[in-house]
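Each remark here refers to the structure printed beneath this line.
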Number of protein chains: 6
Amino acid sequence: MLETNLDDINAEILGNFVERALTAGALDVFHTPIQMKKNRPGVLLTVLCASSDADKFSEMILRETSTFGVRRQLTERRKLRREFTTVKTSFGEVTVKIGKLDGKIVQAAPEFESCRKVADTAKVSLKEVYEAALKAR
Amino acid sequence: MLETNLDDINAEILGNFVERALTAGALDVFHTPIQMKKNRPGVLLTVLCASSDADKFSEMILRETSTFGVRRQLTERRKLRREFTTVKTSFGEVTVKIGKLDGKIVQAAPEFESCRKVADTAKVSLKEVYEAALKAR
Amino acid sequence: MLETNLDDINAEILGNFVERALTAGALDVFHTPIQMKKNRPGVLLTVLCASSDADKFSEMILRETSTFGVRRQLTERRKLRREFTTVKTSFGEVTVKIGKLDGKIVQAAPEFESCRKVADTAKVSLKEVYEAALKAR
Amino acid sequence: MLETNLDDINAEILGNFVERALTAGALDVFHTPIQMKKNRPGVLLTVLCASSDADKFSEMILRETSTFGVRRQLTERRKLRREFTTVKTSFGEVTVKIGKLDGKIVQAAPEFESCRKVADTAKVSLKEVYEAALKAR
Amino acid sequence: MLETNLDDINAEILGNFVERALTAGALDVFHTPIQMKKNRPGVLLTVLCASSDADKFSEMILRETSTFGVRRQLTERRKLRREFTTVKTSFGEVTVKIGKLDGKIVQAAPEFESCRKVADTAKVSLKEVYEAALKAR
Amino acid sequence: MLETNLDDINAEILGNFVERALTAGALDVFHTPIQMKKNRPGVLLTVLCASSDADKFSEMILRETSTFGVRRQLTERRKLRREFTTVKTSFGEVTVKIGKLDGKIVQAAPEFESCRKVADTAKVSLKEVYEAALKAR
């Protein structure tokens, strides 16, 4: 987990950084509004990555955002076993991500891109496809 | 200005709504984290649009998000006169949006898409192009 | 819509106020983190109520929170027509709130209290009941 | 300290989880609004618990929220020595939590439930009881 | 009430603007973290001022922040009658702001600057003075 | 990195604490709005300091805020090499902080205090000086 505080954020550059870091293999990238000294709103930028990638992403943050320093912390991660399945809806087939704990399904989430494609083709809203996929499971 | 509180947000559907509303002609769309009753985190969704479009976007919100109601308020808007200009940087030409008050330039912002194209072509970071455009003005 | 800025929030008193205002007939009560002068985090408290109740809730805010003033704005509200229906799940019957626009169902939300009762009786998680109700619709 | 990012939050389910985790022995549970990729608002859920309980709460998070993974970090904790005392106010007796550092009282906080009971009985606002307890100390 | 969305915030310039607007007579100035399109964190800047000052502060926002437009809304305001009183604490005299509704005191807040001066002179923490002033009332 | 959750924040006392902790040698101090149990808005206060100062700042937090406990975590920090340079603008000379990675300049940020002094003397807005300094580099 890499973290940095930004108090001179050009939001466009930050938005672009999020996309680029994900493309470069970060596990997750998000940011949190924080309040810094002297009435200054800031952003806490967090990049989750494999520990072997920590140097790469530290440098990417230092080069492509406005920060002068990056903090690094080791975190242990526990994950569900993930599988993908397909369900049939009246709008078309949708991919659903399944999460298992001790062999039992505890999560099921329709895949965004799959829902969006089906919604575009069927000319219905994303929400309708998403709900249909949840029901069809 | 249209507003609604969402307490059952599928973030993917909301993210998609933002894009669709902008494509459909909304002046601006943004959301603010709020805290609702019973430990529930929510989102205040705001759509700014011409008053003649208010009905269209009210219905879009009611259909495509998870809300049961939309609030509407009239706001007056004062804007800078906008112009576009082009500046030369060592990476290529960049479009800059100019804002004028009483004939005097008070804002100048390099255009995001223009910077990104130049950054992609020149294989440098968006931040470098952005800063070069600010200097070149 | 009544709004006030609080910079001296005892969170327990505010949490209690939210409950009391809802009990007293407010349509909705929520709060948003804001940043005030001199590094001070604050809270923007919003109470939505019928315009005939505005005086009552203004006084309640002035008496029971730490503010010295309340702002008031008129907002127009457009709502879905609401109905309640019951769906059968393998855990028991659940009430679902239905929202209609021009006679067409555009929202369906399982009722929280109904789901919680069923979850308690069936000794399953709220999430399982909620998802079962969405599917059963 | 357990953390997870939620981008598909049903606020009612999350609000309910907070209560259940506290009942199950978590030291503290809170959440922070974050901003995830593609315009998606999310929530960073944090559960503080004894390290011997980490597995129990990790599984609870995986089962009862919409996440596919949980991060775990060890934190050291330094606490004030806590005592409870009773103070007399004109509305009735109120319990106050005392915090001591090196034998000296540095914190005193009227207990919420105690204040609320007194407020209900005396038919005054929670704020009045709270302030009276602070003065009576 | 003037509002503007900033997506290119230099936090130092914004922090400085807040101070300058207050010095120039704004009733209150605060900002709220918002989430704009394309992963961009933004800030909603709010300036409350007398309606006769609205033009002055609109121009100040347009000149001194990075925005291209300002929204304006009329709000009605209900205030407590304010008085100042002095209380004696063991650290020295502190000014307290009193708020009255229908002749009854409903708010009492020790003045920050007054507490700070007393804390500096008595070499104790601001918190101790503040609590002593609340008790002394 | 020291962290604590505050649910009984007097914003003035917190704002004052931020200044005092920075004066006492903290590397950075910031806070994040969080949502705690029972509708209570809270603040996560973070103090970054050298590990040799952790005890000092833990006690300062326990004494001067309203918390009963402080969490401590070790983080590794990677920093740019910092240098200061001076640039000439039409308003006067401005100090700029330079950040280098492997000998290459990747950051340049005009110093706030330096810009403010120049802006005050030249009677122009902080924003104009800041932009002039970026261009002059």
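Residues in the structure tokens are numbered from 1 in each chain, the chains being A, B, ... in the order shown, and ligands are numbered from 1 in the order shown.
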
Produce a table with one row for each residue of chain B that has an atom at most 12 Å from any atom of chain C, each row naming the nearest atom pair and its distance in Å at one decimal; use only C-alpha atoms; arrange rows by chain and rising residue number; format as a tab-separated table.
residue	atom	partner	partner_atom	distance
B:Met1	CA	C:Thr75	CA	10.0
B:Leu2	CA	C:Arg77	CA	9.5
B:Glu3	CA	C:Arg77	CA	9.5
B:Thr4	CA	C:Arg77	CA	9.7
B:Asn5	CA	C:Phe30	CA	9.2
B:Leu6	CA	C:Phe30	CA	11.3
B:Asp7	CA	C:Phe30	CA	10.9
B:Asp8	CA	C:Ala109	CA	8.9
B:Ile9	CA	C:Ala109	CA	11.9
B:His31	CA	C:Thr32	CA	11.5
B:Thr32	CA	C:Thr32	CA	7.9
B:Pro33	CA	C:Thr32	CA	6.8
B:Ile34	CA	C:Thr32	CA	4.6
B:Gln35	CA	C:His31	CA	5.3
B:Met36	CA	C:Phe30	CA	4.7
B:Lys37	CA	C:Phe30	CA	6.8
B:Lys38	CA	C:Glu19	CA	8.5
B:Asn39	CA	C:Gly15	CA	9.3
B:Arg40	CA	C:Phe30	CA	9.8
B:Pro41	CA	C:Phe30	CA	9.6
B:Gly42	CA	C:Phe30	CA	8.9
B:Val43	CA	C:Thr32	CA	9.6
B:Leu44	CA	C:Thr32	CA	9.1
B:Ala54	CA	C:Arg78	CA	10.9
B:Asp55	CA	C:Arg78	CA	9.5
B:Phe57	CA	C:Arg78	CA	11.5
B:Ser58	CA	C:Arg78	CA	7.8
B:Glu59	CA	C:Leu101	CA	8.2
B:Met60	CA	C:Val106	CA	10.6
B:Ile61	CA	C:Val106	CA	10.5
B:Leu62	CA	C:Val106	CA	7.3
B:Arg63	CA	C:Val106	CA	5.6
B:Glu64	CA	C:Val106	CA	8.1
B:Thr65	CA	C:Gln107	CA	8.5
B:Ser66	CA	C:Gln107	CA	6.4
B:Thr67	CA	C:Gln107	CA	7.5
B:Phe68	CA	C:Leu80	CA	5.4
B:Gly69	CA	C:Lys79	CA	4.2
B:Val70	CA	C:Arg78	CA	5.2
B:Arg71	CA	C:Arg77	CA	4.5
B:Arg72	CA	C:Glu76	CA	5.1
B:Gln73	CA	C:Thr75	CA	5.4
B:Leu74	CA	C:Thr75	CA	8.4
B:Thr75	CA	C:Thr75	CA	11.1

Query raised in the report: Please, which residues of chain A, numbered as in this document, come out strand (DSSP E) from DSSP, as a PyMOL selection string?
Result: chain A and resi 2-6+8-10+28-36+40-48+69-72+76-79+81-89+92-101+104-110

Requested in this report: Please report, as a ChimeraX atom specification, each residue of chain F to which DSSP assigns alpha helix (DSSP H) when run on this structure's backbone.
Outcome: /F:11-23,54-64,112-122,126-136

Query - Val129 (chain C) surroundings by only C-alpha atoms, 9 Å radius, close-in-sequence under 4 positions cut, as an MDAnalysis selection string - result: chainID C and resid 89:92 94 115:116 118:119 124:125 133:134

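For the pair CA of Thr95 (chain C) and CA of Ser114 (chain C), the interatomic distance is 6.0 Å.
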